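Here is coords-v3.cif, consisting of mmCIF, C-alpha atoms and all ligand atoms:
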```cif
data_query
loop_
_atom_site.label_atom_id
_atom_site.label_comp_id
_atom_site.auth_asym_id
_atom_site.auth_seq_id
_atom_site.Cartn_x
_atom_site.Cartn_y
_atom_site.Cartn_z
CA MET A 291 -45.58 100.35 -3.74
CA ASN A 292 -45.64 96.57 -4.14
CA ALA A 293 -42.12 96.53 -5.61
CA ARG A 294 -40.82 98.59 -2.70
CA ARG A 295 -42.44 96.25 -0.18
CA SER A 296 -40.98 93.12 -1.76
CA GLY A 297 -37.55 94.84 -1.97
CA GLY A 298 -37.73 95.39 1.81
CA ALA A 299 -38.71 91.76 2.38
CA LEU A 300 -35.76 90.60 0.32
CA ARG A 301 -33.34 92.77 2.26
CA ARG A 302 -34.74 91.40 5.53
CA LEU A 303 -34.38 87.86 4.24
CA ALA A 304 -30.77 88.55 3.22
CA LYS A 305 -30.09 89.93 6.71
CA TYR A 306 -31.55 86.84 8.40
CA LEU A 307 -29.62 84.54 6.07
CA GLY A 308 -26.39 86.44 6.80
CA ALA A 309 -27.01 86.14 10.54
CA PHE A 310 -27.78 82.43 10.15
CA VAL A 311 -24.51 81.79 8.28
CA ILE A 312 -22.55 83.66 10.97
CA VAL A 313 -24.24 81.65 13.77
CA CYS A 314 -23.43 78.40 11.94
CA ALA A 315 -19.78 79.37 11.40
CA VAL A 316 -19.34 80.37 15.05
CA GLY A 317 -21.08 77.17 16.17
CA PHE A 318 -18.77 75.05 14.01
CA ALA A 319 -15.65 76.87 15.26
CA LEU A 320 -16.76 76.36 18.88
CA TRP A 321 -17.46 72.68 18.25
CA GLN A 322 -13.99 72.22 16.71
CA ALA A 323 -12.38 74.11 19.59
CA GLN A 324 -14.10 71.95 22.23
CA ARG A 325 -12.97 68.81 20.36
CA VAL A 326 -9.36 69.99 20.34
CA LEU A 327 -9.49 71.06 23.99
CA ARG A 328 -11.32 67.91 25.15
CA PHE A 329 -8.35 65.86 24.01
CA TYR A 330 -5.56 68.27 24.76
CA LEU A 331 -6.73 69.00 28.30
CA GLY A 332 -7.14 65.31 29.22
CA PRO A 333 -5.19 63.79 32.14
CA SER A 334 -2.16 62.71 30.06
CA GLU A 335 0.92 64.75 30.90
CA THR A 336 2.22 67.46 28.55
CA THR A 337 5.65 65.94 27.95
CA LEU A 338 6.56 62.33 27.20
CA SER A 339 9.17 62.19 29.98
CA GLN A 340 6.45 63.14 32.50
CA THR A 341 4.48 60.06 31.45
CA GLY A 342 7.44 58.02 32.68
CA PHE A 343 8.44 56.91 29.20
CA ASP A 344 11.80 57.02 27.50
CA TRP A 345 11.79 55.22 24.15
CA ARG A 346 15.53 54.57 24.25
CA ALA A 347 15.25 52.88 27.68
CA ALA A 348 12.21 50.92 26.51
CA GLU A 349 14.13 49.76 23.46
CA ALA A 350 17.00 48.67 25.71
CA GLY A 351 14.51 46.77 27.92
CA THR A 352 15.40 48.67 31.10
CA MET A 353 11.97 50.07 32.03
CA GLU A 354 10.33 48.48 35.06
CA ASN A 355 7.04 46.54 34.71
CA THR A 356 7.15 47.42 31.03
CA PHE A 357 6.78 44.82 28.29
CA ARG A 358 7.21 44.97 24.56
CA PHE A 359 4.47 43.44 22.40
CA GLU A 360 3.62 43.19 18.74
CA PRO A 361 0.12 42.42 17.47
CA SER A 362 -0.03 39.25 15.36
CA TYR A 363 -1.38 41.28 12.43
CA PRO A 364 -0.16 44.90 12.63
CA PHE A 365 -1.85 47.93 11.15
CA TRP A 366 -0.24 49.22 7.93
CA SER A 367 1.30 52.66 8.58
CA ASP A 368 2.92 53.41 5.23
CA GLY A 369 5.96 51.35 6.11
CA ALA A 370 6.76 53.14 9.40
CA ALA A 371 8.48 50.93 11.99
CA LYS A 372 6.44 50.70 15.20
CA TYR A 373 7.41 49.58 18.70
CA ARG A 374 4.78 48.99 21.36
CA TYR A 375 5.19 48.80 25.12
CA VAL A 376 2.76 48.23 27.96
CA GLN A 377 3.33 49.10 31.60
CA PHE A 378 1.20 47.75 34.43
CA PRO A 379 1.12 49.23 37.93
CA ALA A 380 2.96 46.74 40.19
CA GLY A 381 0.81 43.85 41.42
CA THR A 382 -2.16 44.47 39.12
CA LYS A 383 -3.93 42.12 36.70
CA ILE A 384 -5.95 42.37 33.49
CA ASP A 385 -9.60 41.32 33.81
CA ASN A 386 -9.68 39.03 30.78
CA SER A 387 -13.01 37.34 31.60
CA ASN A 388 -14.52 38.80 28.43
CA PRO A 389 -12.09 37.84 25.64
CA ASP A 390 -13.67 40.39 23.32
CA ARG A 391 -12.94 43.21 25.70
CA TRP A 392 -10.18 43.00 28.23
CA ASN A 393 -10.35 45.46 31.10
CA PHE A 394 -6.89 46.73 32.00
CA PRO A 395 -6.01 47.86 35.53
CA LYS A 396 -6.27 51.55 36.31
CA GLY A 397 -2.91 53.19 35.71
CA THR A 398 -1.93 50.97 32.74
CA ARG A 399 -0.07 52.84 30.02
CA ILE A 400 0.54 51.67 26.48
CA TRP A 401 3.01 53.52 24.27
CA LYS A 402 3.53 53.15 20.57
CA VAL A 403 6.74 54.59 19.10
CA PHE A 404 6.93 55.41 15.38
CA LYS A 405 10.11 55.61 13.34
CA ARG A 406 10.14 56.50 9.69
CA ASP A 407 13.24 55.95 7.56
CA GLY A 408 15.11 55.30 10.81
CA VAL A 409 14.09 58.67 12.33
CA TYR A 410 12.07 58.77 15.58
CA VAL A 411 8.89 60.72 14.65
CA GLU A 412 6.22 60.27 17.34
CA THR A 413 4.93 58.40 20.39
CA ARG A 414 1.24 57.69 20.99
CA MET A 415 -0.12 56.81 24.40
CA LEU A 416 -3.20 55.13 25.80
CA TYR A 417 -3.53 55.76 29.53
CA LYS A 418 -6.06 53.89 31.69
CA THR A 419 -7.46 56.49 34.05
CA GLY A 420 -10.40 54.66 35.62
CA LEU A 421 -11.99 51.27 36.31
CA GLU A 422 -14.35 50.96 33.34
CA PRO A 423 -13.01 49.14 30.25
CA TRP A 424 -13.34 52.35 28.20
CA ASP A 425 -11.60 54.71 30.65
CA TRP A 426 -8.67 55.42 28.33
CA ASP A 427 -7.17 58.85 27.80
CA MET A 428 -5.30 59.21 24.50
CA ALA A 429 -2.42 61.49 23.68
CA VAL A 430 0.23 61.93 21.03
CA TYR A 431 3.74 63.33 21.50
CA ALA A 432 6.03 64.79 18.84
CA PRO A 433 9.81 65.02 19.27
CA ARG A 434 11.46 68.37 19.86
CA ALA A 435 13.97 69.46 17.23
CA ASP A 436 16.88 68.44 19.49
CA GLN A 437 15.17 65.08 20.29
CA THR A 438 15.64 65.58 24.05
CA ASP A 439 11.94 65.09 24.84
CA SER A 440 8.55 64.98 23.09
CA ASP A 441 5.64 67.36 23.61
CA LYS A 442 1.92 66.59 23.66
CA LEU A 443 0.16 67.83 20.53
CA ALA A 444 -3.19 69.60 20.22
CA LEU A 445 -3.30 69.44 16.42
CA SER A 446 -2.06 67.21 13.62
CA ARG A 447 1.40 67.64 12.13
CA LYS A 448 2.68 66.90 8.62
CA ASN A 449 6.03 65.55 7.35
CA VAL A 450 7.64 65.15 10.76
CA GLY A 451 11.43 65.03 11.00
CA ALA A 452 11.76 65.74 7.25
CA THR A 453 10.11 62.37 6.49
CA GLU A 454 6.71 61.77 4.87
CA HIS A 455 5.26 60.81 8.24
CA ASP A 456 2.08 62.64 9.30
CA ILE A 457 0.85 62.63 12.90
CA PRO A 458 -2.95 62.49 13.16
CA ALA A 459 -4.87 65.04 15.21
CA PRO A 460 -5.50 63.76 18.74
CA SER A 461 -9.24 64.13 18.03
CA ASP A 462 -8.73 61.54 15.22
CA CYS A 463 -7.62 58.79 17.61
CA VAL A 464 -11.27 58.05 18.35
CA THR A 465 -12.11 57.22 14.73
CA CYS A 466 -10.33 53.88 15.17
CA HIS A 467 -9.96 53.46 18.95
CA GLY A 468 -13.63 54.42 19.53
CA ASP A 469 -15.19 57.28 21.41
CA ARG A 470 -16.62 57.23 24.93
CA GLU A 471 -17.92 53.74 25.91
CA THR A 472 -16.38 52.08 22.82
CA ARG A 473 -12.84 53.26 23.46
CA ARG A 474 -10.26 50.44 23.57
CA PRO A 475 -6.78 49.24 22.64
CA LEU A 476 -6.70 47.53 19.23
CA GLY A 477 -3.48 45.54 19.21
CA LEU A 478 -3.26 44.29 22.79
CA THR A 479 -6.39 42.15 22.50
CA ALA A 480 -7.09 38.44 22.86
CA PHE A 481 -7.17 37.88 19.09
CA GLN A 482 -4.20 40.11 18.25
CA SER A 483 -1.86 39.53 21.19
CA PRO A 484 1.38 37.87 20.12
CA ARG A 485 1.20 34.13 19.47
CA THR A 486 4.86 33.62 20.25
CA GLY A 487 7.31 34.91 22.84
CA GLU A 488 9.53 36.46 20.14
CA ALA A 489 6.85 39.04 19.40
CA GLY A 490 6.83 40.06 23.06
CA LEU A 491 4.13 39.63 25.64
CA SER A 492 2.11 36.57 24.57
CA ILE A 493 -0.91 35.31 26.52
CA ALA A 494 1.14 32.35 27.81
CA ARG A 495 3.76 34.80 29.12
CA MET A 496 1.05 36.99 30.69
CA LYS A 497 -0.26 33.95 32.54
CA GLU A 498 3.28 33.08 33.70
CA LEU A 499 3.77 36.62 35.01
CA GLY A 500 0.42 36.51 36.85
CA LEU A 501 -1.03 39.31 34.74
CA LEU A 502 -4.35 37.59 33.94
CA MET A 503 -7.37 37.22 36.23
CA ALA A 504 -8.93 34.37 34.21
CA PRO A 505 -6.43 31.52 33.92
CA THR A 506 -5.86 30.82 30.24
CA ASP A 507 -2.64 30.32 28.39
CA HIS A 508 -3.68 30.63 24.82
CA ALA A 509 -5.21 33.24 22.59
CA PRO A 510 -8.57 32.46 20.94
CA GLU A 511 -7.96 30.67 17.64
CA ILE A 512 -8.54 32.45 14.37
CA PRO A 513 -10.16 29.75 12.16
CA GLY A 514 -8.87 28.45 8.84
CA ASN A 515 -5.55 27.47 7.32
CA GLU A 516 -2.48 29.69 7.55
CA SER A 517 -3.40 31.93 4.61
CA ILE A 518 -7.05 32.39 5.66
CA ARG A 519 -5.92 33.21 9.20
CA SER A 520 -3.58 35.85 7.79
CA VAL A 521 -6.43 37.47 5.84
CA LEU A 522 -8.86 37.40 8.76
CA GLY A 523 -6.20 38.76 11.12
CA TYR A 524 -5.19 41.45 8.63
CA LEU A 525 -8.78 42.59 8.05
CA ASP A 526 -9.39 42.64 11.83
CA THR A 527 -6.71 45.26 12.59
CA ASN A 528 -6.62 47.12 9.29
CA CYS A 529 -10.35 47.42 8.70
CA GLY A 530 -12.21 46.05 11.73
CA SER A 531 -11.24 48.96 13.98
CA CYS A 532 -13.80 51.00 11.99
CA HIS A 533 -15.90 48.24 10.41
CA HIS A 534 -17.51 46.64 13.44
CA GLU A 535 -20.87 46.59 15.20
CA GLY A 536 -21.54 49.87 17.01
CA SER A 537 -18.72 51.82 15.30
CA THR A 538 -18.74 55.48 16.28
CA TYR A 539 -17.26 56.45 12.91
CA VAL A 540 -18.92 54.32 10.21
CA THR A 541 -22.69 54.75 9.86
CA ASN A 542 -24.63 51.65 10.87
CA LYS A 543 -26.20 51.67 7.40
CA VAL A 544 -22.88 50.17 6.16
CA PRO A 545 -23.35 46.42 6.82
CA LEU A 546 -19.64 45.53 6.36
CA ARG A 547 -18.01 44.01 9.50
CA LEU A 548 -14.40 42.91 9.31
CA ASN A 549 -13.48 42.45 12.97
CA LEU A 550 -12.98 39.15 14.81
CA THR A 551 -15.22 38.28 17.75
CA THR A 552 -15.36 35.05 19.77
CA ALA A 553 -19.07 34.60 18.92
CA THR A 554 -18.36 34.60 15.19
CA ALA A 555 -14.86 33.12 14.91
CA GLY A 556 -15.77 29.47 15.58
CA ARG A 557 -15.59 28.55 11.90
CA VAL A 558 -14.31 30.34 8.79
CA GLU A 559 -17.84 30.55 7.35
CA THR A 560 -19.25 32.28 10.43
CA THR A 561 -16.62 35.04 10.66
CA ASN A 562 -17.80 38.58 9.96
CA ALA A 563 -15.66 38.79 6.82
CA TYR A 564 -17.46 35.80 5.30
CA THR A 565 -21.01 36.56 6.46
CA THR A 566 -21.02 40.31 5.76
CA ALA A 567 -18.65 40.66 2.78
CA VAL A 568 -18.64 37.56 0.55
CA ASN A 569 -21.40 37.89 -2.07
CA ARG A 570 -22.88 40.83 -0.13
CA LYS A 571 -23.99 44.15 -1.55
CA PRO A 572 -22.64 47.43 -0.15
CA TYR A 573 -24.73 50.28 1.21
CA LEU A 574 -23.40 52.61 -1.52
CA ASP A 575 -21.76 50.91 -4.49
CA GLY A 576 -19.13 52.46 -6.72
CA LEU A 577 -16.05 51.97 -8.91
CA GLY A 578 -18.19 49.81 -11.18
CA THR A 579 -18.62 47.09 -8.55
CA ASP A 580 -21.76 46.17 -6.65
CA HIS A 581 -20.52 43.53 -4.20
CA TYR A 582 -17.95 43.72 -1.41
CA VAL A 583 -16.44 40.41 -2.51
CA ILE A 584 -17.23 38.21 -5.52
CA PRO A 585 -15.43 34.85 -5.17
CA GLY A 586 -12.70 34.45 -7.79
CA LYS A 587 -13.05 38.07 -8.99
CA PRO A 588 -10.89 40.55 -7.11
CA ASP A 589 -11.32 43.29 -9.73
CA GLN A 590 -15.07 43.19 -9.25
CA SER A 591 -14.78 43.17 -5.46
CA PHE A 592 -15.36 46.55 -3.81
CA ILE A 593 -13.10 45.91 -0.79
CA TYR A 594 -10.14 44.98 -3.00
CA ARG A 595 -10.69 47.97 -5.33
CA ARG A 596 -10.86 50.44 -2.44
CA MET A 597 -7.78 48.99 -0.69
CA LYS A 598 -5.77 49.51 -3.90
CA LEU A 599 -6.50 53.25 -4.03
CA ARG A 600 -4.94 56.31 -2.45
CA ASP A 601 -6.93 59.40 -3.46
CA ASN A 602 -6.95 61.76 -0.48
CA GLY A 603 -9.76 59.95 1.26
CA ILE A 604 -12.37 59.81 -1.54
CA TRP A 605 -12.55 56.06 -2.20
CA GLN A 606 -9.38 54.81 -0.56
CA MET A 607 -9.56 52.38 2.37
CA PRO A 608 -8.60 53.08 5.09
CA PRO A 609 -9.86 56.63 4.45
CA ILE A 610 -7.30 58.24 6.80
CA ALA A 611 -3.81 57.61 8.25
CA THR A 612 -2.26 56.36 5.02
CA GLU A 613 -0.89 57.76 1.78
CA ARG A 614 0.70 54.58 0.42
CA VAL A 615 -0.92 51.33 -0.68
CA ASP A 616 -0.07 48.26 1.38
CA ASP A 617 1.02 46.03 -1.50
CA VAL A 618 1.51 42.98 0.73
CA GLY A 619 -1.96 43.36 2.31
CA VAL A 620 -3.59 43.95 -1.08
CA GLU A 621 -1.96 40.81 -2.49
CA LEU A 622 -3.10 38.80 0.55
CA VAL A 623 -6.71 39.87 -0.04
CA ARG A 624 -6.41 39.26 -3.81
CA GLN A 625 -5.23 35.68 -3.23
CA TRP A 626 -8.02 35.13 -0.73
CA ILE A 627 -10.71 36.30 -3.18
CA LEU A 628 -9.19 34.18 -5.97
CA GLY A 629 -9.28 31.12 -3.73
CA LEU A 630 -12.86 31.55 -2.50
C1 LIG B 701 -6.54 54.57 11.33
C2 LIG B 701 -6.84 53.95 12.60
C3 LIG B 701 -6.09 54.44 13.82
C4 LIG B 701 -5.92 55.73 14.24
C5 LIG B 701 -6.43 57.02 13.58
C6 LIG B 701 -5.16 55.65 15.47
N1 LIG B 701 -4.88 54.34 15.79
FE1 LIG B 701 -3.82 53.66 17.38
N2 LIG B 701 -3.89 51.77 16.64
C7 LIG B 701 -4.66 51.37 15.57
C8 LIG B 701 -4.54 49.93 15.42
C9 LIG B 701 -5.29 49.10 14.38
C10 LIG B 701 -3.67 49.48 16.44
C11 LIG B 701 -3.22 48.04 16.70
C12 LIG B 701 -2.35 47.51 15.60
C13 LIG B 701 -0.96 48.03 15.55
O1 LIG B 701 -0.46 48.59 16.56
O2 LIG B 701 -0.29 47.89 14.51
C14 LIG B 701 -3.29 50.67 17.20
C15 LIG B 701 -2.44 50.65 18.31
C16 LIG B 701 -2.24 51.73 19.15
C17 LIG B 701 -1.49 51.68 20.38
C18 LIG B 701 -0.88 50.44 21.00
C19 LIG B 701 -1.92 49.83 21.93
C20 LIG B 701 -2.97 49.03 21.20
O3 LIG B 701 -4.02 49.58 20.86
O4 LIG B 701 -2.68 47.86 20.96
C21 LIG B 701 -1.53 52.93 20.93
C22 LIG B 701 -0.90 53.38 22.23
C23 LIG B 701 -2.28 53.78 20.01
N3 LIG B 701 -2.69 53.01 18.92
C24 LIG B 701 -2.55 55.11 20.23
C25 LIG B 701 -3.19 55.94 19.30
C26 LIG B 701 -3.36 57.37 19.48
C27 LIG B 701 -2.96 58.15 20.72
C28 LIG B 701 -3.96 57.83 18.34
C29 LIG B 701 -4.28 59.27 17.96
C30 LIG B 701 -3.14 60.13 17.84
C31 LIG B 701 -4.18 56.68 17.46
N4 LIG B 701 -3.71 55.55 18.08
C32 LIG B 701 -4.78 56.75 16.21
C33 LIG B 701 -5.40 52.17 14.74
C34 LIG B 701 -5.44 53.57 14.80
C1 LIG B 702 -10.57 54.83 9.85
C2 LIG B 702 -11.77 54.04 9.67
C3 LIG B 702 -11.84 53.05 8.54
C4 LIG B 702 -10.95 52.03 8.30
C5 LIG B 702 -9.70 51.67 9.07
C6 LIG B 702 -11.47 51.33 7.15
N1 LIG B 702 -12.63 51.91 6.73
FE1 LIG B 702 -13.80 51.29 5.16
N2 LIG B 702 -15.12 52.81 5.55
C7 LIG B 702 -14.98 53.76 6.53
C8 LIG B 702 -16.07 54.70 6.42
C9 LIG B 702 -16.29 55.94 7.30
C10 LIG B 702 -16.90 54.28 5.34
C11 LIG B 702 -18.20 54.93 4.81
C12 LIG B 702 -17.91 56.06 3.86
C13 LIG B 702 -17.38 55.60 2.56
O1 LIG B 702 -17.96 54.69 1.92
O2 LIG B 702 -16.35 56.13 2.12
C14 LIG B 702 -16.26 53.08 4.82
C15 LIG B 702 -16.75 52.37 3.75
C16 LIG B 702 -16.16 51.22 3.21
C17 LIG B 702 -16.70 50.47 2.11
C18 LIG B 702 -18.04 50.74 1.41
C19 LIG B 702 -19.16 50.38 2.37
C20 LIG B 702 -20.57 50.48 1.85
O3 LIG B 702 -21.36 49.54 2.11
O4 LIG B 702 -20.89 51.47 1.19
C21 LIG B 702 -15.82 49.44 1.86
C22 LIG B 702 -15.94 48.36 0.80
C23 LIG B 702 -14.74 49.56 2.83
N3 LIG B 702 -14.99 50.65 3.63
C24 LIG B 702 -13.68 48.69 2.91
C25 LIG B 702 -12.64 48.81 3.85
C26 LIG B 702 -11.52 47.91 3.91
C27 LIG B 702 -11.31 46.70 3.02
C28 LIG B 702 -10.72 48.36 4.93
C29 LIG B 702 -9.40 47.81 5.37
C30 LIG B 702 -8.38 47.66 4.36
C31 LIG B 702 -11.35 49.53 5.50
N4 LIG B 702 -12.52 49.77 4.82
C32 LIG B 702 -10.84 50.24 6.56
C33 LIG B 702 -13.98 53.82 7.49
C34 LIG B 702 -12.90 52.97 7.56
#
```
Using the file provided, produce a representation of the structure as structure tokens.
Ligand code: HEC
Ligand code: HEC
Amino acid sequence: MNARRSGGALRRLAKYLGAFVIVCAVGFALWQAQRVLRFYLGPSETTLSQTGFDWRAAEAGTMENTFRFEPSYPFWSDGAAKYRYVQFPAGTKIDNSNPDRWNFPKGTRIWKVFKRDGVYVETRMLYKTGLEPWDWDMAVYAPRADQTDSDKLALSRKNVGATEHDIPAPSDCVTCHGDRETRRPLGLTAFQSPRTGEAGLSIARMKELGLLMAPTDHAPEIPGNESIRSVLGYLDTNCGSCHHEGSTYVTNKVPLRLNLTTATAGRVETTNAYTTAVNRKPYLDGLGTDHYVIPGKPDQSFIYRRMKLRDNGIWQMPPIATERVDDVGVELVRQWILGL
């Protein structure tokens, strides 16, 4: 009698568990689907030509109100060549009153063209659709086989154009560019905008063209000598897009901050890299190290060890968007740690 009753209870439990697993799986699938649709159905057009962009014309410099720019310290993309262009609606200005967060005029578009081994493989776009600083729609376009136009993607794509280049899923753009109120451009910023005219639209040139609301003609200084500036600038774009206060992707239990802000960049010693990394302990240690940076000891410094790895996202830093180590960046950080 008792055995029969407990057998029935077990069967009921199994049934509830089965139902629970099914509900979870359906819930997860729906959540994924809404993420894909949220990005795919955004206001950005479905083909690149409809956005008004033609990378060949941009390269030739024949697109109106469109300017090339290169961040002072670019993001490492496994050696892909990248070309960036910004287009402002005629007669508009950037509200640059807060140097840590420029607000671009509604209608601004920024395109980033990727070529790998000389082959055109993708164009990404940030499109300012409203008045708030975070009103950016994001989209990514992959070339058609005949290269006549590029189509907006809903999902990621691997080994594009027979190269090793992978296009991230549109829902991944927010890991670095921020979600909702934190969304922002990462290269066209006060700290990263080109220092010289050769790299395209510098702040001085923006002032000349009447593109700035607050009259300034120089970018905020990154402190330190040439080599320290290179490290701080490198860490800002390559790590600081995720490792900053209020990141939507890195848990706030991780104390590491590698971005540049005007409040902290007055002196080398007050920058986030120095105050949160040098001689500081990580949230979760590993790889036999227990400090982010130990002066003079790169091999015992967690940030250096993780930058040197590519292991499908287990320890490697950055965890996504790269399959090859940035030897130049790694060496820069090694020299910095040795010199501390
Ligand atoms: C791994 C981090 C990362 C991911 C993921 C990422 N970006 Fe970026 N993106 C950056 C950084 C850092 C810059 C600035 C440095 C540079 O361009 O080299 C940038 C620059 C850009 C620019 C040029 C404007 C600017 O911010 O200065 C555009 C446009 C852009 N990204 C669009 C996208 C889109 C669309 C996606 C999703 C398909 C995406 N990005 C995914 C890190 C990322
Ligand atoms: C695309 C976002 C992203 C970028 C870019 C990125 N990280 Fe991270 N990082 C993370 C996330 C998420 C974690 C937490 C999970 C983990 O430890 O793997 C993390 C954790 C870390 C940790 C351990 C933190 C702790 O206290 O446990 C270190 C060290 C680190 N990152 C270094 C770097 C360095 C150096 C760079 C630049 C070369 C970098 N990261 C770029 C997302 C990023």
| field | Between atom C19 of ligand LIG 702 (chain B) and CA of Asp526 in chain A, distance in Å (one decimal) | value |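 Going from atom C19 of ligand LIG 702 (chain B) over to CA of Asp526 in chain A covers 15.6 Å.
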Give the residues close to ligand LIG 701 (chain B), within 6 Å, counting only C-alpha atoms and all ligand atoms; write them as a PDB file with C-alpha atoms, in the coordinates of the input.
```pdb
ATOM      1  CA  PRO A 361       0.120  42.420  17.470  1.00  0.00           C
ATOM      2  CA  PRO A 364      -0.160  44.900  12.630  1.00  0.00           C
ATOM      3  CA  PHE A 365      -1.850  47.930  11.150  1.00  0.00           C
ATOM      4  CA  ARG A 374       4.780  48.990  21.360  1.00  0.00           C
ATOM      5  CA  ILE A 400       0.540  51.670  26.480  1.00  0.00           C
ATOM      6  CA  TRP A 401       3.010  53.520  24.270  1.00  0.00           C
ATOM      7  CA  LYS A 402       3.530  53.150  20.570  1.00  0.00           C
ATOM      8  CA  ARG A 414       1.240  57.690  20.990  1.00  0.00           C
ATOM      9  CA  MET A 415      -0.120  56.810  24.400  1.00  0.00           C
ATOM     10  CA  LEU A 416      -3.200  55.130  25.800  1.00  0.00           C
ATOM     11  CA  MET A 428      -5.300  59.210  24.500  1.00  0.00           C
ATOM     12  CA  ALA A 429      -2.420  61.490  23.680  1.00  0.00           C
ATOM     13  CA  VAL A 430       0.230  61.930  21.030  1.00  0.00           C
ATOM     14  CA  PRO A 458      -2.950  62.490  13.160  1.00  0.00           C
ATOM     15  CA  ALA A 459      -4.870  65.040  15.210  1.00  0.00           C
ATOM     16  CA  PRO A 460      -5.500  63.760  18.740  1.00  0.00           C
ATOM     17  CA  ASP A 462      -8.730  61.540  15.220  1.00  0.00           C
ATOM     18  CA  CYS A 463      -7.620  58.790  17.610  1.00  0.00           C
ATOM     19  CA  THR A 465     -12.110  57.220  14.730  1.00  0.00           C
ATOM     20  CA  CYS A 466     -10.330  53.880  15.170  1.00  0.00           C
ATOM     21  CA  PRO A 475      -6.780  49.240  22.640  1.00  0.00           C
ATOM     22  CA  LEU A 476      -6.700  47.530  19.230  1.00  0.00           C
ATOM     23  CA  GLY A 477      -3.480  45.540  19.210  1.00  0.00           C
ATOM     24  CA  LEU A 478      -3.260  44.290  22.790  1.00  0.00           C
ATOM     25  CA  THR A 527      -6.710  45.260  12.590  1.00  0.00           C
ATOM     26  CA  ASN A 528      -6.620  47.120   9.290  1.00  0.00           C
ATOM     27  CA  SER A 531     -11.240  48.960  13.980  1.00  0.00           C
ATOM     28  CA  ILE A 610      -7.300  58.240   6.800  1.00  0.00           C
ATOM     29  CA  ALA A 611      -3.810  57.610   8.250  1.00  0.00           C
TER      30      ALA A 611
END
```
Would you mind listing what lies within 7 Å of Pro395 in chain A as a CSV table (one decimal) with C-alpha atoms, keeping the file's coordinate frame, with all atoms listed in the file counted and same-chain residues fewer than 4 positions away left out?
```
chain,number,residue,atom,x,y,z
A,382,THR,CA,-2.2,44.5,39.1
A,383,LYS,CA,-3.9,42.1,36.7
A,384,ILE,CA,-6.0,42.4,33.5
A,421,LEU,CA,-12.0,51.3,36.3
```
Sorted by chain and rising residue number, which residues of chain A lie within 7 Å of ligand LIG 702 (chain B), and what are their closest atom pairs and distances in Å to one decimal, counting only C-alpha atoms and all ligand atoms, as a Markdown table?
```
| residue | atom | partner | partner_atom | distance |
| --- | --- | --- | --- | --- |
| A:Thr465 | CA | B:LIG702 | C1 | 5.6 |
| A:Cys466 | CA | B:LIG702 | C1 | 5.4 |
| A:Leu525 | CA | B:LIG702 | C29 | 5.9 |
| A:Asn528 | CA | B:LIG702 | C29 | 4.9 |
| A:Cys529 | CA | B:LIG702 | C29 | 3.5 |
| A:Gly530 | CA | B:LIG702 | C5 | 6.7 |
| A:Ser531 | CA | B:LIG702 | C5 | 5.8 |
| A:Cys532 | CA | B:LIG702 | C2 | 4.3 |
| A:His533 | CA | B:LIG702 | N1 | 6.1 |
| A:Tyr539 | CA | B:LIG702 | C9 | 5.7 |
| A:Val540 | CA | B:LIG702 | C9 | 4.2 |
| A:Thr541 | CA | B:LIG702 | C11 | 6.8 |
| A:Val544 | CA | B:LIG702 | O3 | 4.4 |
| A:Pro545 | CA | B:LIG702 | O3 | 6.0 |
| A:Leu546 | CA | B:LIG702 | O3 | 6.1 |
| A:Pro572 | CA | B:LIG702 | O3 | 3.3 |
| A:Tyr573 | CA | B:LIG702 | O3 | 3.6 |
| A:Leu574 | CA | B:LIG702 | O4 | 3.9 |
| A:Asp575 | CA | B:LIG702 | O4 | 5.8 |
| A:Tyr582 | CA | B:LIG702 | C22 | 5.5 |
| A:Phe592 | CA | B:LIG702 | C22 | 5.0 |
| A:Ile593 | CA | B:LIG702 | C22 | 4.1 |
| A:Tyr594 | CA | B:LIG702 | C27 | 6.4 |
| A:Arg596 | CA | B:LIG702 | C24 | 6.3 |
| A:Met597 | CA | B:LIG702 | C30 | 5.3 |
| A:Ile604 | CA | B:LIG702 | O2 | 6.5 |
| A:Trp605 | CA | B:LIG702 | O2 | 5.8 |
| A:Met607 | CA | B:LIG702 | C31 | 4.6 |
| A:Pro608 | CA | B:LIG702 | C32 | 3.9 |
| A:Pro609 | CA | B:LIG702 | C34 | 5.7 |
| A:Ile610 | CA | B:LIG702 | C1 | 5.6 |
```
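The spacing separating CA of Arg391 in chain A from CA of Trp424 in chain A amounts to 9.5 Å.
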| field | Point-to-point distance in Å for CA of Trp345 in chain A and CA of Phe378 in chain A | value |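 We find that CA of Phe378 in chain A and CA of Trp345 in chain A lie 16.5 Å from each other.
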Pull the neighbourhood of (-5.2, 42.3, -0.9) for me: all residues within 9 Å in file coordinates, counting all atoms listed in the file, as a tab-separated table (two decimals) with C-alpha atoms, in the coordinates of the input.
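out.tsv was written with the following content:
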```tsv
chain	number	residue	atom	x	y	z
A	521	VAL	CA	-6.43	37.47	5.84
A	588	PRO	CA	-10.89	40.55	-7.11
A	593	ILE	CA	-13.10	45.91	-0.79
A	594	TYR	CA	-10.14	44.98	-3.00
A	597	MET	CA	-7.78	48.99	-0.69
A	598	LYS	CA	-5.77	49.51	-3.90
A	616	ASP	CA	-0.07	48.26	1.38
A	617	ASP	CA	1.02	46.03	-1.50
A	618	VAL	CA	1.51	42.98	0.73
A	619	GLY	CA	-1.96	43.36	2.31
A	620	VAL	CA	-3.59	43.95	-1.08
A	621	GLU	CA	-1.96	40.81	-2.49
A	622	LEU	CA	-3.10	38.80	0.55
A	623	VAL	CA	-6.71	39.87	-0.04
A	624	ARG	CA	-6.41	39.26	-3.81
A	625	GLN	CA	-5.23	35.68	-3.23
A	626	TRP	CA	-8.02	35.13	-0.73
A	627	ILE	CA	-10.71	36.30	-3.18
```
